[in-house]
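Pasted below: coords.tsv, TSV, C-alpha atoms.
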chain	number	residue	atom	x	y	z
S	47	MET	CA	38.77	31.56	26.78
S	48	ARG	CA	37.80	28.97	29.36
S	49	ARG	CA	41.41	28.82	30.42
S	50	TRP	CA	41.07	32.42	31.70
S	51	ILE	CA	38.15	31.77	34.08
S	52	GLY	CA	40.37	30.52	36.89
S	53	PRO	CA	43.01	33.29	36.53
S	54	LEU	CA	40.32	36.01	36.29
S	55	ALA	CA	38.60	34.78	39.44
S	56	PHE	CA	42.01	34.73	41.11
S	57	GLY	CA	42.68	38.32	39.93
S	58	LEU	CA	39.31	39.48	41.27
S	59	ILE	CA	40.01	37.96	44.67
S	60	ALA	CA	43.47	39.59	44.64
S	61	ALA	CA	41.90	42.98	43.80
S	62	LEU	CA	39.40	42.72	46.67
S	63	ALA	CA	42.05	41.58	49.14
S	64	VAL	CA	44.54	44.29	48.12
S	65	GLY	CA	41.81	46.96	48.10
S	66	TYR	CA	40.63	46.04	51.56
S	67	ALA	CA	44.17	45.89	52.93
S	68	ALA	CA	45.01	49.28	51.38
S	69	ILE	CA	41.89	50.93	52.85
S	70	ALA	CA	42.77	49.48	56.25
S	71	ALA	CA	46.38	50.72	55.94
S	72	ILE	CA	45.65	54.31	54.79
S	73	PRO	CA	44.89	55.78	58.28
S	74	TYR	CA	48.09	54.30	59.74
S	75	GLY	CA	50.13	55.63	56.81
S	76	MET	CA	48.66	59.14	57.06
S	77	MET	CA	49.21	59.17	60.81
S	78	LYS	CA	52.82	58.03	60.42
S	79	ILE	CA	53.51	60.87	57.99
S	80	ALA	CA	51.96	63.38	60.40
S	81	MET	CA	53.93	61.95	63.35
S	82	ASP	CA	57.21	62.07	61.42
S	83	ARG	CA	56.62	65.73	60.53
S	84	LEU	CA	55.68	66.69	64.09
S	85	ALA	CA	58.39	64.56	65.72
S	86	ARG	CA	61.15	66.99	64.75
S	87	GLY	CA	60.63	68.54	68.18
S	88	GLY	CA	61.07	65.11	69.76
S	89	ILE	CA	58.85	62.17	70.72
S	90	ASN	CA	57.01	62.49	74.06
S	91	GLN	CA	57.74	66.21	74.13
S	92	MET	CA	55.43	69.16	73.60
S	93	SER	CA	56.51	71.29	70.64
S	94	GLN	CA	55.10	74.75	70.02
S	95	GLY	CA	54.52	75.11	66.31
S	96	PRO	CA	54.77	78.50	64.61
S	97	LEU	CA	51.57	80.01	63.19
S	98	ALA	CA	50.61	78.80	59.74
S	99	THR	CA	51.59	81.08	56.87
S	100	PRO	CA	51.96	80.40	53.12
S	101	ALA	CA	55.61	79.51	53.82
S	102	ARG	CA	54.80	77.14	56.74
S	103	GLN	CA	51.95	74.72	56.10
S	104	PRO	CA	52.61	71.36	57.76
S	105	VAL	CA	49.13	70.05	56.97
S	106	VAL	CA	46.48	70.76	54.36
S	107	ARG	CA	44.05	73.57	55.30
S	108	PRO	CA	46.07	74.84	58.27
S	109	SER	CA	44.19	77.40	60.34
S	110	PRO	CA	45.99	80.76	60.49
S	111	ASP	CA	43.98	81.57	63.65
S	112	LEU	CA	45.28	78.66	65.69
S	113	ALA	CA	48.51	78.17	67.58
S	114	TYR	CA	49.18	74.41	67.60
S	115	SER	CA	51.27	72.61	70.19
S	116	SER	CA	51.83	68.93	69.52
S	117	CYS	CA	53.23	65.90	71.27
S	118	PRO	CA	53.76	62.84	69.09
S	119	PHE	CA	53.81	60.06	71.70
S	120	ASP	CA	55.07	56.49	72.00
S	121	LEU	CA	53.95	54.50	75.02
S	122	ALA	CA	56.47	51.68	74.53
S	123	ALA	CA	58.59	52.97	77.43
S	124	GLY	CA	55.60	53.70	79.66
S	125	PRO	CA	52.56	55.97	79.93
S	126	VAL	CA	52.80	59.62	78.93
S	127	GLU	CA	51.75	62.53	81.12
S	128	ILE	CA	50.22	65.60	79.48
S	129	ARG	CA	49.76	68.82	81.43
S	130	VAL	CA	47.62	71.51	79.87
S	131	VAL	CA	47.51	75.15	80.96
S	132	PRO	CA	44.54	76.97	79.35
S	133	VAL	CA	44.80	80.66	78.45
S	134	ALA	CA	42.09	82.77	80.10
S	135	GLY	CA	39.34	83.85	77.74
S	136	ARG	CA	40.65	81.96	74.70
S	137	TYR	CA	39.28	78.78	73.18
S	138	SER	CA	41.80	76.00	73.61
S	139	SER	CA	41.48	72.24	73.49
S	140	LEU	CA	43.50	69.09	73.98
S	141	SER	CA	42.75	66.24	71.61
S	142	ILE	CA	44.41	62.81	71.60
S	143	PHE	CA	44.48	60.68	68.45
S	144	ASP	CA	45.72	57.09	68.26
S	145	ALA	CA	47.76	55.48	65.47
S	146	ALA	CA	44.53	54.51	63.66
S	147	THR	CA	43.50	58.24	63.63
S	148	ASP	CA	40.63	57.59	66.06
S	149	VAL	CA	39.95	60.25	68.70
S	150	ALA	CA	40.58	58.97	72.21
S	151	PHE	CA	39.99	62.21	74.15
S	152	VAL	CA	38.93	65.85	73.69
S	153	ARG	CA	38.62	68.56	76.34
S	154	ASN	CA	38.33	72.32	75.85
S	155	ASP	CA	39.11	75.16	78.24
S	156	VAL	CA	35.48	75.64	79.32
S	157	GLU	CA	35.10	71.93	80.13
S	158	ALA	CA	38.30	72.22	82.14
S	159	GLY	CA	36.84	75.17	84.06
S	160	GLY	CA	39.68	77.32	82.74
S	161	LYS	CA	42.06	75.50	85.09
S	162	PRO	CA	45.23	73.54	84.36
S	163	TYR	CA	44.78	69.76	84.23
S	164	ARG	CA	46.79	66.57	83.86
S	165	ILE	CA	46.05	63.51	81.73
S	166	ILE	CA	47.87	60.17	81.66
S	167	VAL	CA	47.82	58.38	78.29
S	168	ALA	CA	48.38	54.63	78.73
S	169	ARG	CA	47.93	51.26	77.04
S	170	ASP	CA	45.61	48.73	78.61
S	171	GLY	CA	47.43	47.05	81.47
S	172	GLN	CA	50.12	49.71	81.94
S	173	ALA	CA	50.50	50.82	85.55
S	174	VAL	CA	49.51	54.46	86.06
S	175	PRO	CA	49.99	56.93	88.91
S	176	PRO	CA	47.23	56.50	91.51
S	177	GLY	CA	44.43	59.06	91.36
S	178	ALA	CA	45.40	60.34	87.91
S	179	GLU	CA	42.89	60.87	85.12
S	180	VAL	CA	43.76	58.17	82.58
S	181	VAL	CA	43.01	57.88	78.85
S	182	ARG	CA	43.50	54.31	77.61
S	183	VAL	CA	44.47	53.84	73.97
S	184	GLY	CA	44.79	50.73	71.82
S	185	HIS	CA	48.12	51.63	70.17
S	186	ASP	CA	51.55	52.68	71.42
S	187	ARG	CA	51.80	55.62	69.07
S	188	GLY	CA	49.63	58.67	68.49
S	189	ILE	CA	49.46	62.45	68.65
S	190	ALA	CA	48.29	64.81	71.39
S	191	LEU	CA	47.39	68.20	69.99
S	192	ILE	CA	46.65	71.48	71.77
S	193	ARG	CA	44.86	74.17	69.80
S	194	LEU	CA	44.88	77.76	71.06
S	195	LEU	CA	42.69	80.26	69.24
S	196	LEU	CA	44.06	83.76	68.64
S	197	LYS	CA	41.94	86.86	68.04
S	198	ASP	CA	44.81	88.21	65.99
S	199	PRO	CA	48.08	86.55	64.88
S	200	ALA	CA	49.98	89.35	66.70
S	201	GLU	CA	48.76	87.89	70.02
S	202	ILE	CA	51.15	84.97	69.70
S	203	GLY	CA	54.02	86.94	71.24
S	204	SER	CA	52.18	87.72	74.47
S	205	LEU	CA	50.60	84.25	74.80
S	206	ASP	CA	53.69	82.21	73.99
S	207	ALA	CA	54.95	82.07	77.58
S	208	ILE	CA	51.64	80.62	78.81
S	209	ARG	CA	51.40	78.10	76.01
S	210	ARG	CA	54.89	76.83	76.81
S	211	GLN	CA	53.65	75.81	80.26
S	212	SER	CA	51.76	72.86	78.69
S	213	THR	CA	54.02	69.82	78.74
S	214	CYS	CA	54.31	66.17	77.69
S	215	ARG	CA	56.67	63.54	79.18
S	216	THR	CA	57.08	59.82	79.73
S	217	VAL	CA	56.04	58.59	83.19
S	218	THR	CA	58.84	56.27	84.18
S	219	LYS	CA	57.75	55.60	87.73
S	220	SER	CA	54.13	55.35	88.88
S	221	LYS	CA	54.29	57.82	91.71
M	135	MET	CA	50.92	30.94	27.04
M	136	LYS	CA	51.44	28.87	30.12
M	137	SER	CA	48.88	28.67	32.87
M	138	TRP	CA	51.04	30.48	35.43
M	139	HIS	CA	51.48	33.33	32.95
M	140	ARG	CA	47.74	33.91	33.01
M	141	TYR	CA	47.70	33.84	36.81
M	142	ALA	CA	50.62	36.27	36.94
M	143	ILE	CA	48.90	38.69	34.56
M	144	THR	CA	45.61	38.68	36.51
M	145	LEU	CA	47.50	38.97	39.82
M	146	VAL	CA	49.30	42.12	38.65
M	147	GLY	CA	46.03	43.48	37.24
M	148	GLY	CA	44.18	42.63	40.45
M	149	ILE	CA	46.76	44.41	42.62
M	150	ALA	CA	46.57	47.52	40.41
M	151	VAL	CA	42.76	47.52	40.48
M	152	GLY	CA	42.74	46.98	44.25
M	153	LEU	CA	45.16	49.85	44.96
M	154	GLY	CA	43.46	52.20	42.50
M	155	GLY	CA	40.04	51.32	43.85
M	156	ALA	CA	41.13	51.93	47.45
M	157	TRP	CA	42.59	55.34	46.56
M	158	GLY	CA	39.53	56.30	44.50
M	159	LEU	CA	37.02	55.18	47.13
M	160	THR	CA	38.69	57.21	49.87
M	161	ARG	CA	39.10	60.39	47.80
M	162	GLY	CA	36.88	63.43	48.32
M	163	GLY	CA	36.32	62.71	51.96
M	164	LEU	CA	33.30	63.41	54.08
M	165	GLY	CA	33.28	67.13	53.42
M	166	ASP	CA	32.16	66.59	49.88
M	167	GLY	CA	28.41	66.70	49.92
M	168	ALA	CA	27.65	64.85	53.15
M	169	ILE	CA	25.64	67.80	54.56
M	170	ARG	CA	24.72	70.79	52.38
M	171	ASN	CA	23.68	74.29	53.38
M	172	GLY	CA	23.62	76.70	50.41
M	173	PRO	CA	27.16	76.73	48.98
M	174	TRP	CA	28.58	75.21	52.19
M	175	THR	CA	29.19	71.51	52.84
M	176	THR	CA	30.29	69.69	55.97
M	177	SER	CA	30.19	66.37	57.74
M	178	LEU	CA	29.59	65.25	61.30
M	179	GLY	CA	31.99	62.34	60.84
M	180	TYR	CA	35.28	64.08	61.66
M	181	GLY	CA	37.04	63.51	64.94
M	182	THR	CA	35.00	60.49	65.96
M	183	LYS	CA	35.78	56.85	66.48
M	184	ALA	CA	35.17	55.54	62.97
M	185	THR	CA	32.92	52.52	62.86
M	186	ASP	CA	34.24	51.09	59.58
M	187	PRO	CA	37.59	51.07	57.76
M	188	LEU	CA	36.30	53.02	54.74
M	189	THR	CA	35.05	55.98	56.82
M	190	ARG	CA	38.26	55.97	58.82
M	191	ALA	CA	40.37	56.07	55.64
M	192	MET	CA	38.26	58.88	54.14
M	193	VAL	CA	38.58	60.97	57.30
M	194	ALA	CA	42.34	60.27	57.48
M	195	ARG	CA	42.78	61.62	53.96
M	196	SER	CA	40.53	64.67	54.20
M	197	GLY	CA	40.53	65.68	57.86
M	198	LEU	CA	43.45	64.14	59.73
M	199	LEU	CA	43.56	65.39	63.35
M	200	ALA	CA	40.25	67.24	62.85
M	201	LEU	CA	38.05	67.80	65.89
M	202	PRO	CA	34.58	66.30	66.43
M	203	ALA	CA	31.52	68.45	65.61
M	204	LYS	CA	30.92	69.31	69.27
M	205	GLU	CA	34.27	71.15	69.23
M	206	THR	CA	34.41	72.44	65.66
M	207	LEU	CA	32.21	72.33	62.58
M	208	TYR	CA	34.27	72.65	59.39
M	209	TRP	CA	32.31	74.03	56.43
M	210	MET	CA	33.76	74.25	52.91
M	211	ALA	CA	32.53	76.41	50.00
M	212	ARG	CA	33.81	76.31	46.44
M	213	THR	CA	30.99	78.29	44.82
M	214	ASP	CA	29.01	81.49	45.41
M	215	ALA	CA	25.26	81.67	46.09
M	216	SER	CA	24.51	81.24	42.38
M	217	GLY	CA	26.59	78.06	42.14
M	218	ALA	CA	29.47	79.65	40.17
M	219	ARG	CA	33.04	78.64	41.09
M	220	LEU	CA	34.72	81.15	43.44
M	221	ASP	CA	37.09	83.18	41.27
M	222	GLY	CA	40.04	85.14	42.69
M	223	ASN	CA	39.62	87.87	40.10
M	224	CYS	CA	36.06	88.67	41.27
M	225	ARG	CA	34.65	90.68	44.16
M	226	TYR	CA	32.31	88.96	46.63
M	227	ARG	CA	30.25	90.13	49.57
M	228	LEU	CA	30.45	87.69	52.48
M	229	SER	CA	27.84	88.62	55.09
M	230	GLY	CA	25.56	87.35	57.81
M	231	LYS	CA	24.36	87.63	61.37
M	232	PRO	CA	26.67	86.59	64.21
M	233	LEU	CA	26.97	82.80	63.92
M	234	ASP	CA	25.70	80.43	66.59
M	235	ALA	CA	29.11	79.40	67.92
M	236	ARG	CA	31.55	80.47	70.59
M	237	TRP	CA	33.93	81.62	67.87
M	238	TRP	CA	34.07	81.46	64.09
M	239	SER	CA	36.47	82.24	61.27
M	240	VAL	CA	36.48	82.15	57.46
M	241	THR	CA	39.76	81.35	55.66
M	242	VAL	CA	40.72	81.60	51.98
M	243	TYR	CA	42.62	78.62	50.49
M	244	ASP	CA	43.66	77.73	46.97
M	245	ALA	CA	41.94	74.83	45.21
M	246	LYS	CA	44.36	72.36	46.85
M	247	GLY	CA	43.66	73.66	50.35
M	248	TYR	CA	46.76	75.79	50.97
M	249	LEU	CA	47.25	79.42	52.01
M	250	VAL	CA	48.61	81.73	49.29
M	251	ALA	CA	50.82	84.74	50.00
M	252	ASN	CA	49.32	88.23	49.68
M	253	PRO	CA	50.86	91.63	50.49
M	254	ALA	CA	48.46	92.27	53.39
M	255	ASN	CA	49.27	88.92	55.11
M	256	ILE	CA	45.54	88.37	55.71
M	257	TRP	CA	44.08	84.90	55.14
M	258	SER	CA	41.07	84.87	57.44
M	259	VAL	CA	38.42	86.95	59.18
M	260	ASN	CA	36.78	86.03	62.46
M	261	GLY	CA	33.82	86.97	64.61
M	262	ALA	CA	35.93	89.23	66.79
M	263	SER	CA	37.33	91.23	63.86
M	264	VAL	CA	34.14	92.18	61.98
M	265	PRO	CA	31.89	95.00	63.27
M	266	LEU	CA	28.08	94.72	63.12
M	267	ASP	CA	25.91	97.27	61.27
M	268	ASP	CA	22.57	98.79	62.41
M	269	LYS	CA	20.74	95.60	61.46
M	270	GLY	CA	23.12	93.46	63.48
M	271	GLU	CA	24.88	92.05	60.40
M	272	TRP	CA	28.54	91.87	59.48
M	273	HIS	CA	30.01	92.27	55.98
M	274	VAL	CA	33.36	91.32	54.46
M	275	THR	CA	34.57	92.06	50.93
M	276	ILE	CA	36.52	89.22	49.31
M	277	ALA	CA	38.48	90.75	46.42
M	278	PRO	CA	42.03	90.82	45.05
M	279	ASP	CA	42.40	94.51	45.98
M	280	ARG	CA	41.54	96.30	49.22
M	281	PRO	CA	38.08	97.94	49.10
M	282	ALA	CA	37.63	101.65	49.91
M	283	ASP	CA	36.08	100.79	53.27
M	284	GLY	CA	34.96	97.87	55.40
M	285	ALA	CA	36.53	94.53	56.31
M	286	TRP	CA	38.62	92.85	53.60
M	287	LEU	CA	39.63	89.27	52.92
M	288	PRO	CA	42.09	89.09	49.99
M	289	GLY	CA	41.08	86.76	47.17
M	290	ILE	CA	43.72	84.88	45.17
M	291	LYS	CA	44.34	86.84	41.99
M	292	GLY	CA	44.22	84.73	38.84
M	293	GLN	CA	43.07	81.53	40.58
M	294	PRO	CA	39.89	79.88	41.77
M	295	PHE	CA	39.71	79.66	45.57
M	296	ASP	CA	37.94	77.82	48.39
M	297	LEU	CA	36.56	79.08	51.68
M	298	THR	CA	36.61	77.18	54.98
M	299	LEU	CA	34.28	78.31	57.74
M	300	ARG	CA	35.21	77.03	61.19
M	301	MET	CA	32.64	77.21	63.98
M	302	TYR	CA	34.18	76.50	67.39
M	303	ASN	CA	31.78	75.08	69.99
M	304	PRO	CA	28.74	75.43	67.70
M	305	GLY	CA	25.34	75.85	69.39
M	306	ALA	CA	23.15	72.81	70.02
M	307	GLY	CA	20.71	73.99	67.32
M	308	VAL	CA	23.46	74.05	64.69
M	309	ARG	CA	24.66	70.60	65.63
M	310	ALA	CA	21.12	69.18	65.61
M	311	GLY	CA	20.26	70.71	62.22
M	312	PRO	CA	23.41	71.83	60.39
M	313	SER	CA	21.71	71.91	56.99
M	314	ALA	CA	19.23	74.56	58.27
M	315	ALA	CA	21.71	76.66	60.28
M	316	ALA	CA	22.16	80.35	59.41
M	317	LEU	CA	25.51	80.57	57.57
M	318	PRO	CA	27.22	83.48	55.78
M	319	ALA	CA	25.92	84.41	52.31
M	320	ILE	CA	28.49	84.57	49.46
M	321	VAL	CA	27.27	86.95	46.73
M	322	LYS	CA	29.31	87.96	43.68
M	323	GLU	CA	29.37	91.73	43.13
M	324	GLY	CA	31.50	91.87	40.00
M	325	CYS	CA	34.69	90.78	38.26
Produce structure tokens that represent the structure in this file.
Amino acid sequence: MRRWIGPLAFGLIAALAVGYAAIAAIPYGMMKIAMDRLARGGINQMSQGPLATPARQPVVRPSPDLAYSSCPFDLAAGPVEIRVVPVAGRYSSLSIFDAATDVAFVRNDVEAGGKPYRIIVARDGQAVPPGAEVVRVGHDRGIALIRLLLKDPAEIGSLDAIRRQSTCRTVTKSK
Amino acid sequence: MKSWHRYAITLVGGIAVGLGGAWGLTRGGLGDGAIRNGPWTTSLGYGTKATDPLTRAMVARSGLLALPAKETLYWMARTDASGARLDGNCRYRLSGKPLDARWWSVTVYDAKGYLVANPANIWSVNGASVPLDDKGEWHVTIAPDRPADGAWLPGIKGQPFDLTLRMYNPGAGVRAGPSAAALPAIVKEGC
């Protein structure tokens, strides 16, 4: 039995190390899955998702009241510019999540005064356009998400043109 | 048995225990019992900068891309007021005063958290769609079949179901004391 003391201690250390590493890796794995699903519309581009129905449920507990627009971003080629156009009288918000799932930024339509606004998402040290509002993140990859609340799913037709005015693109030159 | 055999066995066992433990520890998420209010539970931990890896992993599994409490409070209910599991074959009365939030909605999901098809294509009710009575209260019937009158939220026939209450821009009082906030009552009327 004494010959098992060393191996058992080794196994315990392995269990703790693997457990800790797995817990640390879970957020990155979940975020990668979400990015891959959302990236069908393209990286660094704003995609307007259809309303959630039983046939279209990209995430667990999707809200049937929300129109989601998403921009999976990658800052490797430079900062990303996000322009948001709120819809009058409707709750909407922009939220930016990094690759570790942490929230880097949230702003709703009331906080924006109901007016369009522009955000630059950049890594530390990346040059950004002068005078721009900048959100610094610790990872290249992440997701920017715009939620637009509908009073009724039928509203989506009339609001679609406004929601398509919100954009996402790579800033290649710091003008 | 050679010495390295013993090390190999405990290494494989240790990896399995480590992976299983990590998955088990991060299951359930923060919505499960963190803050209780009648049949509803929520957490204030979503949509924040997690301070430790375990919290971050739990949030990633249960509320990926969820908003912080200032933007949205997510409440879940799996039981009625008496503590019985919500049953899609039964009729419930969901009612309350207007909630202290800019906007709210209640959505029906199956036990895994997904929408289920129904002929009416209705999965949620919201504050703008329910009229108030003389006492300033709203009422919704959750049942598999449409009631004779009043607002209706289809249940899921033949299955248990969950409710998610979303409160957008909740009032300061709700955020300061979520466990004492006035939330909708869920009362079973019959099966």
For Leu299 of chain M, work out the shell of residues within 9 Å, counting all atoms listed in the file and skipping chain neighbours fewer than 3 positions away, then give it as a PDB file with C-alpha atoms, in the frame of the given file.
ATOM      1  CA  TRP M 174      28.580  75.210  52.190  1.00  0.00           C
ATOM      2  CA  LEU M 207      32.210  72.330  62.580  1.00  0.00           C
ATOM      3  CA  TYR M 208      34.270  72.650  59.390  1.00  0.00           C
ATOM      4  CA  TRP M 209      32.310  74.030  56.430  1.00  0.00           C
ATOM      5  CA  MET M 210      33.760  74.250  52.910  1.00  0.00           C
ATOM      6  CA  ALA M 211      32.530  76.410  50.000  1.00  0.00           C
ATOM      7  CA  TRP M 238      34.070  81.460  64.090  1.00  0.00           C
ATOM      8  CA  SER M 239      36.470  82.240  61.270  1.00  0.00           C
ATOM      9  CA  VAL M 240      36.480  82.150  57.460  1.00  0.00           C
ATOM     10  CA  THR M 241      39.760  81.350  55.660  1.00  0.00           C
ATOM     11  CA  PRO M 318      27.220  83.480  55.780  1.00  0.00           C
TER      12      PRO M 318
END
Shortest interatomic distance to chain S - which of M:Asn223, M:Thr275, M:Thr175, M:Asn255, counting all atoms listed in the file: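 Among the listed residues, M:Asn255 lies closest to chain S.
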Atom CA of Gly261 of chain M to atom CA of Trp237 of chain M, distance in Å rounded to a single decimal: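 Here the two named atoms are 6.3 Å from each other.
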For Leu191 of chain S, the nearest of the candidates S:Arg102, S:Arg86, S:Met76, S:Pro118, counting only C-alpha atoms: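 Closest to Leu191 of chain S of all the choices is S:Pro118.
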Counting all atoms listed in the file, the residue of M:Trp272, M:Tyr248, M:Trp286, M:Tyr226 that sits nearest chain S: M:Tyr248
Segment 139-142 of chain S surroundings by only C-alpha atoms, 10 Å radius, close-in-sequence under 2 positions cut, as a ChimeraX atom specification: /S:114-119,128-130,132,136-137,144,147-158,165,167,181,183,188-195 /M:181,199-202,205
Residues of chain M within 6 Å of chain S, all atoms listed in the file counted, as number ranges by chain: M: 140-141, 144-145, 148-149, 151-153, 156, 181-183, 187, 191, 194, 247-251
Which residue of M:Pro304, M:Gly147, M:Gly222, M:Gly217 approaches Gly289 of chain M most closely, using only C-alpha atoms: M:Gly222
Gap from atom CA of Ala277 of chain M to atom CA of Ala319 of chain M - Å, one decimal: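 Atom CA of Ala277 of chain M sits 15.3 Å away from atom CA of Ala319 of chain M.
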Atom CA of Asp120 of chain S to atom CA of Met81 of chain S, distance in Å rounded to a single decimal: 10.3 Å
M:Ile276, M:Asp221, M:Glu271, M:Lys291 ranked by distance to Asn252 of chain M, top pick (using only C-alpha atoms):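 Smallest separation from Asn252 of chain M among the options: M:Lys291.
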